[in-house]
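S.K.: See input_28.pdb below, with PDB, C-alpha atoms, pLDDT in the B column.
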```
MODEL        1
ATOM      1  CA  MET A   1     112.023 -49.288 -50.478  1.00 74.00           C
ATOM      2  CA  LEU A   2     108.905 -47.231 -51.108  1.00 84.00           C
ATOM      3  CA  MET A   3     106.780 -50.381 -51.149  1.00 82.00           C
ATOM      4  CA  LEU A   4     108.179 -51.489 -47.778  1.00 83.00           C
ATOM      5  CA  ALA A   5     107.465 -48.067 -46.297  1.00 87.00           C
ATOM      6  CA  GLY A   6     103.898 -48.290 -47.602  1.00 90.00           C
ATOM      7  CA  ILE A   7     103.447 -51.757 -46.099  1.00 90.00           C
ATOM      8  CA  VAL A   8     104.772 -50.621 -42.713  1.00 91.00           C
ATOM      9  CA  LEU A   9     102.537 -47.519 -42.819  1.00 94.00           C
ATOM     10  CA  LEU A  10      99.495 -49.647 -43.687  1.00 93.00           C
ATOM     11  CA  HIS A  11     100.370 -52.067 -40.901  1.00 94.00           C
ATOM     12  CA  ILE A  12     100.700 -49.274 -38.325  1.00 95.00           C
ATOM     13  CA  THR A  13      97.389 -47.796 -39.523  1.00 95.00           C
ATOM     14  CA  THR A  14      95.732 -51.196 -39.118  1.00 95.00           C
ATOM     15  CA  ILE A  15      97.098 -51.560 -35.587  1.00 95.00           C
ATOM     16  CA  ILE A  16      95.790 -48.116 -34.658  1.00 96.00           C
ATOM     17  CA  LEU A  17      92.348 -48.965 -36.074  1.00 95.00           C
ATOM     18  CA  LEU A  18      92.304 -52.244 -34.147  1.00 95.00           C
ATOM     19  CA  LEU A  19      93.248 -50.506 -30.903  1.00 95.00           C
ATOM     20  CA  VAL A  20      90.601 -47.807 -31.402  1.00 94.00           C
ATOM     21  CA  ALA A  21      87.993 -50.465 -32.142  1.00 93.00           C
ATOM     22  CA  ALA A  22      88.955 -52.368 -28.993  1.00 92.00           C
ATOM     23  CA  ILE A  23      89.106 -49.350 -26.682  1.00 91.00           C
ATOM     24  CA  ASP A  24      86.590 -46.766 -27.911  1.00 87.00           C
ATOM     25  CA  ASN A  25      83.035 -46.831 -26.574  1.00 82.00           C
ATOM     26  CA  ALA A  26      80.995 -46.984 -29.748  1.00 87.00           C
ATOM     27  CA  TRP A  27      80.184 -50.558 -30.734  1.00 89.00           C
ATOM     28  CA  TRP A  28      76.447 -50.046 -30.140  1.00 89.00           C
ATOM     29  CA  VAL A  29      74.966 -46.558 -29.853  1.00 90.00           C
ATOM     30  CA  THR A  30      71.574 -45.003 -29.211  1.00 88.00           C
ATOM     31  CA  ASN A  31      70.606 -41.462 -28.244  1.00 88.00           C
ATOM     32  CA  THR A  32      71.181 -42.183 -24.553  1.00 88.00           C
ATOM     33  CA  VAL A  33      73.550 -45.188 -24.519  1.00 87.00           C
ATOM     34  CA  SER A  34      76.997 -45.838 -25.936  1.00 88.00           C
ATOM     35  CA  THR A  35      78.361 -49.341 -25.461  1.00 88.00           C
ATOM     36  CA  ASP A  36      81.801 -50.804 -25.990  1.00 86.00           C
ATOM     37  CA  LEU A  37      83.312 -54.191 -25.244  1.00 88.00           C
ATOM     38  CA  TRP A  38      84.029 -53.325 -21.625  1.00 89.00           C
ATOM     39  CA  GLY A  39      81.158 -51.199 -20.369  1.00 88.00           C
ATOM     40  CA  ARG A  40      78.220 -48.967 -21.128  1.00 87.00           C
ATOM     41  CA  TRP A  41      77.909 -45.201 -20.962  1.00 89.00           C
ATOM     42  CA  GLU A  42      74.383 -43.951 -20.194  1.00 89.00           C
ATOM     43  CA  LEU A  43      73.184 -40.368 -20.499  1.00 89.00           C
ATOM     44  CA  ALA A  44      71.237 -39.283 -17.418  1.00 87.00           C
ATOM     45  CA  ASN A  45      70.615 -35.687 -16.284  1.00 87.00           C
ATOM     46  CA  SER A  46      72.903 -34.353 -19.058  1.00 85.00           C
ATOM     47  CA  ALA A  47      75.868 -36.348 -17.783  1.00 89.00           C
ATOM     48  CA  TRP A  48      77.356 -39.609 -18.985  1.00 87.00           C
ATOM     49  CA  HIS A  49      77.594 -42.390 -16.387  1.00 89.00           C
ATOM     50  CA  TYR A  50      79.607 -45.578 -16.731  1.00 88.00           C
ATOM     51  CA  THR A  51      77.956 -48.906 -15.898  1.00 87.00           C
ATOM     52  CA  ASN A  52      78.869 -52.538 -16.359  1.00 86.00           C
ATOM     53  CA  LEU A  53      77.502 -54.674 -19.171  1.00 83.00           C
ATOM     54  CA  LYS A  54      74.910 -56.629 -17.248  1.00 80.00           C
ATOM     55  CA  ASP A  55      72.405 -57.583 -19.958  1.00 78.00           C
ATOM     56  CA  TYR A  56      74.855 -59.344 -22.262  1.00 81.00           C
ATOM     57  CA  PRO A  57      75.466 -63.102 -22.370  1.00 86.00           C
ATOM     58  CA  GLU A  58      78.764 -63.329 -20.528  1.00 87.00           C
ATOM     59  CA  GLU A  59      80.299 -66.166 -22.545  1.00 91.00           C
ATOM     60  CA  TYR A  60      79.766 -64.344 -25.857  1.00 92.00           C
ATOM     61  CA  LEU A  61      80.968 -61.041 -24.460  1.00 90.00           C
ATOM     62  CA  GLN A  62      84.155 -62.642 -23.126  1.00 92.00           C
ATOM     63  CA  ALA A  63      84.751 -64.327 -26.476  1.00 94.00           C
ATOM     64  CA  VAL A  64      84.453 -60.968 -28.258  1.00 93.00           C
ATOM     65  CA  GLN A  65      86.740 -59.282 -25.726  1.00 93.00           C
ATOM     66  CA  ALA A  66      89.364 -62.022 -25.915  1.00 96.00           C
ATOM     67  CA  THR A  67      89.470 -62.271 -29.688  1.00 96.00           C
ATOM     68  CA  THR A  68      89.656 -58.489 -30.067  1.00 95.00           C
ATOM     69  CA  VAL A  69      92.618 -58.310 -27.704  1.00 96.00           C
ATOM     70  CA  LEU A  70      94.255 -61.261 -29.474  1.00 96.00           C
ATOM     71  CA  ALA A  71      93.788 -59.524 -32.834  1.00 96.00           C
ATOM     72  CA  CYS A  72      95.648 -56.487 -31.503  1.00 96.00           C
ATOM     73  CA  ILE A  73      98.448 -58.633 -30.048  1.00 96.00           C
ATOM     74  CA  PHE A  74      98.932 -60.687 -33.217  1.00 96.00           C
ATOM     75  CA  ALA A  75      98.918 -57.582 -35.424  1.00 95.00           C
ATOM     76  CA  ILE A  76     101.605 -55.950 -33.274  1.00 96.00           C
ATOM     77  CA  LEU A  77     103.647 -59.169 -33.231  1.00 96.00           C
ATOM     78  CA  ALA A  78     103.354 -59.436 -37.015  1.00 94.00           C
ATOM     79  CA  LEU A  79     104.808 -55.948 -37.398  1.00 94.00           C
ATOM     80  CA  PHE A  80     107.778 -56.744 -35.148  1.00 94.00           C
ATOM     81  CA  VAL A  81     108.376 -60.054 -36.924  1.00 92.00           C
ATOM     82  CA  PHE A  82     108.192 -58.347 -40.324  1.00 90.00           C
ATOM     83  CA  VAL A  83     110.790 -55.763 -39.315  1.00 89.00           C
ATOM     84  CA  ALA A  84     112.997 -58.513 -37.855  1.00 90.00           C
ATOM     85  CA  GLN A  85     112.641 -60.587 -41.019  1.00 87.00           C
ATOM     86  CA  LEU A  86     113.721 -57.634 -43.140  1.00 84.00           C
ATOM     87  CA  PHE A  87     117.153 -57.872 -41.564  1.00 84.00           C
ATOM     88  CA  THR A  88     117.471 -61.618 -40.927  1.00 86.00           C
ATOM     89  CA  LEU A  89     115.658 -63.349 -43.782  1.00 78.00           C
ATOM     90  CA  PRO A  90     117.862 -64.539 -46.651  1.00 78.00           C
ATOM     91  CA  LYS A  91     117.226 -62.979 -50.044  1.00 75.00           C
ATOM     92  CA  GLY A  92     114.520 -64.688 -52.088  1.00 68.00           C
ATOM     93  CA  GLN A  93     112.550 -65.853 -49.034  1.00 78.00           C
ATOM     94  CA  ARG A  94     108.928 -65.009 -48.361  1.00 79.00           C
ATOM     95  CA  PHE A  95     107.637 -63.299 -45.213  1.00 84.00           C
ATOM     96  CA  THR A  96     105.542 -66.350 -44.355  1.00 87.00           C
ATOM     97  CA  PHE A  97     105.659 -66.069 -40.554  1.00 89.00           C
ATOM     98  CA  SER A  98     104.587 -62.405 -40.673  1.00 90.00           C
ATOM     99  CA  GLY A  99     101.764 -63.357 -43.012  1.00 91.00           C
ATOM    100  CA  ILE A 100     100.585 -66.170 -40.746  1.00 93.00           C
ATOM    101  CA  LEU A 101     100.544 -63.886 -37.690  1.00 94.00           C
ATOM    102  CA  GLN A 102      98.617 -61.276 -39.666  1.00 95.00           C
ATOM    103  CA  LEU A 103      96.168 -63.926 -40.887  1.00 95.00           C
ATOM    104  CA  ILE A 104      95.563 -65.022 -37.280  1.00 96.00           C
ATOM    105  CA  SER A 105      94.904 -61.381 -36.365  1.00 96.00           C
ATOM    106  CA  CYS A 106      92.486 -61.148 -39.283  1.00 96.00           C
ATOM    107  CA  LEU A 107      90.611 -64.250 -38.150  1.00 96.00           C
ATOM    108  CA  CYS A 108      90.440 -63.014 -34.545  1.00 96.00           C
ATOM    109  CA  ILE A 109      88.863 -59.683 -35.444  1.00 96.00           C
ATOM    110  CA  MET A 110      86.461 -61.415 -37.840  1.00 96.00           C
ATOM    111  CA  ILE A 111      85.389 -63.797 -35.076  1.00 96.00           C
ATOM    112  CA  ALA A 112      84.946 -60.924 -32.607  1.00 95.00           C
ATOM    113  CA  ALA A 113      82.848 -58.792 -34.950  1.00 94.00           C
ATOM    114  CA  SER A 114      80.814 -61.796 -36.110  1.00 94.00           C
ATOM    115  CA  ILE A 115      79.963 -62.912 -32.575  1.00 94.00           C
ATOM    116  CA  TYR A 116      79.085 -59.334 -31.638  1.00 91.00           C
ATOM    117  CA  THR A 117      76.795 -59.089 -34.651  1.00 90.00           C
ATOM    118  CA  ALA A 118      75.059 -62.417 -34.177  1.00 90.00           C
ATOM    119  CA  GLU A 119      74.768 -62.723 -30.416  1.00 88.00           C
ATOM    120  CA  LEU A 120      74.887 -59.398 -28.582  1.00 84.00           C
ATOM    121  CA  HIS A 121      72.341 -57.220 -30.414  1.00 77.00           C
ATOM    122  CA  PRO A 122      70.286 -59.506 -32.647  1.00 77.00           C
ATOM    123  CA  ASN A 123      66.778 -58.257 -31.760  1.00 78.00           C
ATOM    124  CA  GLU A 124      67.274 -54.664 -30.647  1.00 77.00           C
ATOM    125  CA  MET A 125      65.164 -52.192 -32.570  1.00 79.00           C
ATOM    126  CA  GLU A 126      66.593 -49.016 -31.062  1.00 85.00           C
ATOM    127  CA  GLY A 127      70.127 -47.943 -31.872  1.00 86.00           C
ATOM    128  CA  GLY A 128      72.730 -49.193 -34.257  1.00 89.00           C
ATOM    129  CA  PHE A 129      76.321 -50.220 -34.668  1.00 91.00           C
ATOM    130  CA  GLY A 130      78.791 -47.453 -33.933  1.00 91.00           C
ATOM    131  CA  HIS A 131      82.064 -46.382 -35.462  1.00 92.00           C
ATOM    132  CA  SER A 132      84.166 -48.804 -33.396  1.00 93.00           C
ATOM    133  CA  TYR A 133      82.214 -51.703 -34.863  1.00 93.00           C
ATOM    134  CA  VAL A 134      82.784 -50.328 -38.364  1.00 94.00           C
ATOM    135  CA  LEU A 135      86.496 -49.866 -37.610  1.00 94.00           C
ATOM    136  CA  ALA A 136      86.687 -53.502 -36.548  1.00 94.00           C
ATOM    137  CA  TRP A 137      85.362 -54.616 -39.937  1.00 95.00           C
ATOM    138  CA  ILE A 138      87.673 -52.203 -41.773  1.00 95.00           C
ATOM    139  CA  SER A 139      90.551 -53.630 -39.737  1.00 95.00           C
ATOM    140  CA  PHE A 140      89.490 -57.109 -40.811  1.00 96.00           C
ATOM    141  CA  VAL A 141      89.795 -56.141 -44.475  1.00 96.00           C
ATOM    142  CA  LEU A 142      93.147 -54.408 -43.960  1.00 95.00           C
ATOM    143  CA  THR A 143      94.635 -57.276 -41.955  1.00 95.00           C
ATOM    144  CA  PHE A 144      93.510 -59.719 -44.643  1.00 95.00           C
ATOM    145  CA  ILE A 145      95.132 -57.604 -47.368  1.00 94.00           C
ATOM    146  CA  LEU A 146      98.327 -57.383 -45.318  1.00 93.00           C
ATOM    147  CA  ALA A 147      98.337 -61.126 -44.668  1.00 92.00           C
ATOM    148  CA  ILE A 148      98.071 -61.863 -48.388  1.00 92.00           C
ATOM    149  CA  THR A 149     100.731 -59.243 -49.130  1.00 90.00           C
ATOM    150  CA  TYR A 150     103.149 -60.788 -46.631  1.00 88.00           C
ATOM    151  CA  LEU A 151     102.534 -64.272 -47.996  1.00 87.00           C
ATOM    152  CA  ILE A 152     103.215 -63.086 -51.566  1.00 87.00           C
ATOM    153  CA  LEU A 153     106.036 -60.642 -50.781  1.00 82.00           C
ATOM    154  CA  ARG A 154     109.493 -61.986 -51.442  1.00 74.00           C
ATOM    155  CA  LYS A 155     112.740 -60.427 -50.344  1.00 64.00           C
ATOM    156  CA  LYS A 156     114.356 -59.411 -53.609  1.00 59.00           C
ATOM    157  CA  SER A 157     117.870 -60.453 -54.459  1.00 46.00           C
ATOM    158  CA  GLU A 158     119.970 -57.552 -55.594  1.00 45.00           C
TER     159      GLU A 158
ENDMDL
END
```
Reformat the file's structure so that it appears as structure tokens.

M.R.:
Amino acid sequence: MLMLAGIVLLHITTIILLLVAAIDNAWWVTNTVSTDLWGRWELANSAWHYTNLKDYPEEYLQAVQATTVLACIFAILALFVFVAQLFTLPKGQRFTFSGILQLISCLCIMIAASIYTAELHPNEMEGGFGHSYVLAWISFVLTFILAITYLILRKKSE
């Protein structure tokens, strides 16, 4: 029971990290600019102003946005499926469907962070990746660990 509680807690933590990475405005930061997947905040006259992302290649940006949202959706679905399988899966069965959904979430966030790394800021000298970008990669590791755990986990017969 303690192991199941730990898995659910880790899964909820991963979902929260994915949502923060998708929503928060710190994928690329400088002293005067903070950029997320949806817009850019610029510091002018000691006030932050929101602008659209106009200098980014639109097809890559949309791919990053879509795969990040899909990662969040699949991670949430995997949690609901896991909880449902706890009550409906016969004893001795593996949580394969939960693991597959979590693996898809893992692949989506990896694709999003990889495209962002390779295509959206490849030659910029000023600034660096922010905490949302780091959270996306941490979420990738956690979703991968959860996917493997679900694929190995078997409902014990009592």

S.K.: Produce a table with one row for each residue of range 63-91 of chain A that has an atom at most 9 Å from any atom of range 103-127 of chain A, each row naming the nearest atom pair and its distance in Å at one decimal; use only C-alpha atoms; arrange rows by chain and rising residue number; format as JSON lines.

M.R.:
```
{"residue": "A:Ala63", "atom": "CA", "partner": "A:Ala112", "partner_atom": "CA", "distance": 7.0}
{"residue": "A:Val64", "atom": "CA", "partner": "A:Ala112", "partner_atom": "CA", "distance": 4.4}
{"residue": "A:Gln65", "atom": "CA", "partner": "A:Ala112", "partner_atom": "CA", "distance": 7.3}
{"residue": "A:Ala66", "atom": "CA", "partner": "A:Ala112", "partner_atom": "CA", "distance": 8.1}
{"residue": "A:Thr67", "atom": "CA", "partner": "A:Cys108", "partner_atom": "CA", "distance": 5.0}
{"residue": "A:Thr68", "atom": "CA", "partner": "A:Ile109", "partner_atom": "CA", "distance": 5.6}
{"residue": "A:Val69", "atom": "CA", "partner": "A:Cys108", "partner_atom": "CA", "distance": 8.6}
{"residue": "A:Leu70", "atom": "CA", "partner": "A:Cys108", "partner_atom": "CA", "distance": 6.6}
{"residue": "A:Ala71", "atom": "CA", "partner": "A:Ser105", "partner_atom": "CA", "distance": 4.1}
{"residue": "A:Cys72", "atom": "CA", "partner": "A:Ser105", "partner_atom": "CA", "distance": 6.9}
{"residue": "A:Ile73", "atom": "CA", "partner": "A:Ser105", "partner_atom": "CA", "distance": 7.7}
{"residue": "A:Phe74", "atom": "CA", "partner": "A:Ser105", "partner_atom": "CA", "distance": 5.2}
{"residue": "A:Ala75", "atom": "CA", "partner": "A:Ser105", "partner_atom": "CA", "distance": 5.6}
{"residue": "A:Ala78", "atom": "CA", "partner": "A:Ser105", "partner_atom": "CA", "distance": 8.7}
```

S.K.: Could you write out the selected residues, including C-alpha atoms, as a PDB file, in the coordinates of the input?

M.R.:
```pdb
ATOM      1  CA  ALA A  63      84.751 -64.327 -26.476  1.00 94.00           C
ATOM      2  CA  VAL A  64      84.453 -60.968 -28.258  1.00 93.00           C
ATOM      3  CA  GLN A  65      86.740 -59.282 -25.726  1.00 93.00           C
ATOM      4  CA  ALA A  66      89.364 -62.022 -25.915  1.00 96.00           C
ATOM      5  CA  THR A  67      89.470 -62.271 -29.688  1.00 96.00           C
ATOM      6  CA  THR A  68      89.656 -58.489 -30.067  1.00 95.00           C
ATOM      7  CA  VAL A  69      92.618 -58.310 -27.704  1.00 96.00           C
ATOM      8  CA  LEU A  70      94.255 -61.261 -29.474  1.00 96.00           C
ATOM      9  CA  ALA A  71      93.788 -59.524 -32.834  1.00 96.00           C
ATOM     10  CA  CYS A  72      95.648 -56.487 -31.503  1.00 96.00           C
ATOM     11  CA  ILE A  73      98.448 -58.633 -30.048  1.00 96.00           C
ATOM     12  CA  PHE A  74      98.932 -60.687 -33.217  1.00 96.00           C
ATOM     13  CA  ALA A  75      98.918 -57.582 -35.424  1.00 95.00           C
ATOM     14  CA  ALA A  78     103.354 -59.436 -37.015  1.00 94.00           C
TER      15      ALA A  78
END
```

S.K.: Pick out the closest residue to Leu53 in chain A from this set: A:Phe129, A:Phe80, A:Trp41, A:Phe95. Count all atoms listed in the file.

M.R.: A:Trp41

S.K.: Pull out every residue that the PyMOL selection byres ((chain A and resi 133) around 8) matches in the shown coordinates and put them as a VMD selection string.

M.R.: chain A and resid 21 26 to 28 113 129 to 132 134 to 137

S.K.: Which residues, named as in the file, does the PyMOL selection byres ((chain A and resi 150) around 8) pick out? Answer as a VMD selection string.

M.R.: chain A and resid 94 to 96 98 to 99 146 to 149 151 to 153

S.K.: Let's have the selection written as a JSON list (two decimals), in the coordinates of the input, with C-alpha atoms.

M.R.:
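Printed below is result_33.json as written:
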```
[["chain", "number", "residue", "atom", "x", "y", "z"],
["A", 94, "ARG", "CA", 108.93, -65.01, -48.36],
["A", 95, "PHE", "CA", 107.64, -63.30, -45.21],
["A", 96, "THR", "CA", 105.54, -66.35, -44.36],
["A", 98, "SER", "CA", 104.59, -62.40, -40.67],
["A", 99, "GLY", "CA", 101.76, -63.36, -43.01],
["A", 146, "LEU", "CA", 98.33, -57.38, -45.32],
["A", 147, "ALA", "CA", 98.34, -61.13, -44.67],
["A", 148, "ILE", "CA", 98.07, -61.86, -48.39],
["A", 149, "THR", "CA", 100.73, -59.24, -49.13],
["A", 151, "LEU", "CA", 102.53, -64.27, -48.00],
["A", 152, "ILE", "CA", 103.22, -63.09, -51.57],
["A", 153, "LEU", "CA", 106.04, -60.64, -50.78]]
```

S.K.: Leaving out Ile15 in chain A and any residue of its chain fewer than 2 positions from it, which residues lie within 9 Å of it when counting all atoms listed in the file, given as a list of chain:residue names?

M.R.: A:Leu10, A:His11, A:Ile12, A:Thr13, A:Leu17, A:Leu18, A:Leu19, A:Val20, A:Cys72, A:Ala75, A:Ile76, A:Ser139, A:Thr143

S.K.: Let me make sure I understand: among A:Leu101, A:Arg154, A:Gly39, A:Pro57, which one has the smallest atom-to-atom distance to Leu89 in chain A if we use all atoms listed in the file?

M.R.: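 Smallest distance to Leu89 in chain A is found for A:Arg154.
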
S.K.: Report the distance between CA of Gln93 in chain A and CA of Phe144 in chain A in Å, rounded to one decimal place.

M.R.: 20.5 Å

S.K.: What does the distance between CA of Asn31 in chain A and CA of Leu43 in chain A come to in Å, to one decimal place?

M.R.: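 Between these atoms lies a distance of 8.2 Å.
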
S.K.: Taking into account all atoms listed in the file, which residue in the set A:Leu79, A:Leu37, A:Ile145, A:Ala44 is nearest to Tyr56 in chain A?

M.R.: A:Leu37

S.K.: Need the axis-aligned box for range 57-62 of chain A with 8 Å each side, so what are the centre and edges in Å to one decimal, as JSON?

M.R.:
```
{"center_x": 79.8, "center_y": -63.6, "center_z": -23.2, "size_x": 24.7, "size_y": 21.1, "size_z": 21.3}
```

S.K.: Report the distance between CA of Trp48 in chain A and CA of Ile23 in chain A in Å, rounded to one decimal place.

M.R.: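 Rounded to one decimal, the two atoms are 17.1 Å apart.
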
S.K.: Have range 114-131 of chain A completed to N, CA, C and O atoms, please, and pass it along as a short mmCIF file (atom, residue, chain, number, x, y, z; two decimals), keeping the file's coordinate frame.

M.R.:
```
data_model
loop_
_atom_site.label_atom_id
_atom_site.label_comp_id
_atom_site.auth_asym_id
_atom_site.auth_seq_id
_atom_site.Cartn_x
_atom_site.Cartn_y
_atom_site.Cartn_z
N SER A 114 81.91 -60.89 -35.75
CA SER A 114 80.81 -61.80 -36.11
C SER A 114 80.00 -62.21 -34.89
O SER A 114 78.76 -62.23 -34.94
N ILE A 115 80.68 -62.55 -33.80
CA ILE A 115 79.96 -62.91 -32.58
C ILE A 115 79.17 -61.72 -32.06
O ILE A 115 78.01 -61.85 -31.65
N TYR A 116 79.78 -60.54 -32.09
CA TYR A 116 79.08 -59.33 -31.64
C TYR A 116 77.83 -59.10 -32.46
O TYR A 116 76.77 -58.78 -31.93
N THR A 117 77.94 -59.29 -33.76
CA THR A 117 76.80 -59.09 -34.65
C THR A 117 75.69 -60.09 -34.38
O THR A 117 74.51 -59.74 -34.27
N ALA A 118 76.06 -61.35 -34.26
CA ALA A 118 75.06 -62.42 -34.18
C ALA A 118 74.45 -62.60 -32.80
O ALA A 118 73.29 -62.97 -32.68
N GLU A 119 75.21 -62.33 -31.74
CA GLU A 119 74.77 -62.72 -30.42
C GLU A 119 74.47 -61.59 -29.44
O GLU A 119 73.72 -61.79 -28.50
N LEU A 120 75.03 -60.42 -29.62
CA LEU A 120 74.89 -59.40 -28.58
C LEU A 120 73.80 -58.37 -28.86
O LEU A 120 73.30 -57.75 -27.94
N HIS A 121 73.41 -58.18 -30.10
CA HIS A 121 72.34 -57.22 -30.41
C HIS A 121 71.45 -57.74 -31.54
O HIS A 121 71.13 -56.99 -32.46
N PRO A 122 71.03 -58.98 -31.48
CA PRO A 122 70.29 -59.51 -32.65
C PRO A 122 68.86 -58.97 -32.79
O PRO A 122 68.37 -58.83 -33.89
N ASN A 123 68.20 -58.63 -31.69
CA ASN A 123 66.78 -58.26 -31.76
C ASN A 123 66.49 -56.83 -31.32
O ASN A 123 65.34 -56.48 -31.13
N GLU A 124 67.51 -56.02 -31.11
CA GLU A 124 67.27 -54.66 -30.65
C GLU A 124 66.80 -53.78 -31.80
O GLU A 124 67.38 -53.78 -32.87
N MET A 125 65.73 -53.07 -31.55
CA MET A 125 65.16 -52.19 -32.57
C MET A 125 65.71 -50.77 -32.46
O MET A 125 65.76 -50.06 -33.45
N GLU A 126 66.10 -50.37 -31.27
CA GLU A 126 66.59 -49.02 -31.06
C GLU A 126 68.11 -49.02 -31.10
O GLU A 126 68.76 -49.87 -30.52
N GLY A 127 68.68 -48.07 -31.81
CA GLY A 127 70.13 -47.94 -31.87
C GLY A 127 70.71 -48.63 -33.09
O GLY A 127 70.01 -49.16 -33.95
N GLY A 128 72.02 -48.58 -33.15
CA GLY A 128 72.73 -49.19 -34.26
C GLY A 128 74.20 -49.36 -33.95
O GLY A 128 74.69 -48.93 -32.90
N PHE A 129 74.89 -49.99 -34.85
CA PHE A 129 76.32 -50.22 -34.67
C PHE A 129 77.07 -48.91 -34.82
O PHE A 129 76.80 -48.12 -35.72
N GLY A 130 78.03 -48.69 -33.94
CA GLY A 130 78.79 -47.45 -33.93
C GLY A 130 80.07 -47.53 -34.74
O GLY A 130 80.37 -48.53 -35.39
N HIS A 131 80.85 -46.47 -34.64
CA HIS A 131 82.06 -46.38 -35.46
C HIS A 131 83.13 -47.39 -35.06
O HIS A 131 83.92 -47.82 -35.89
#
```
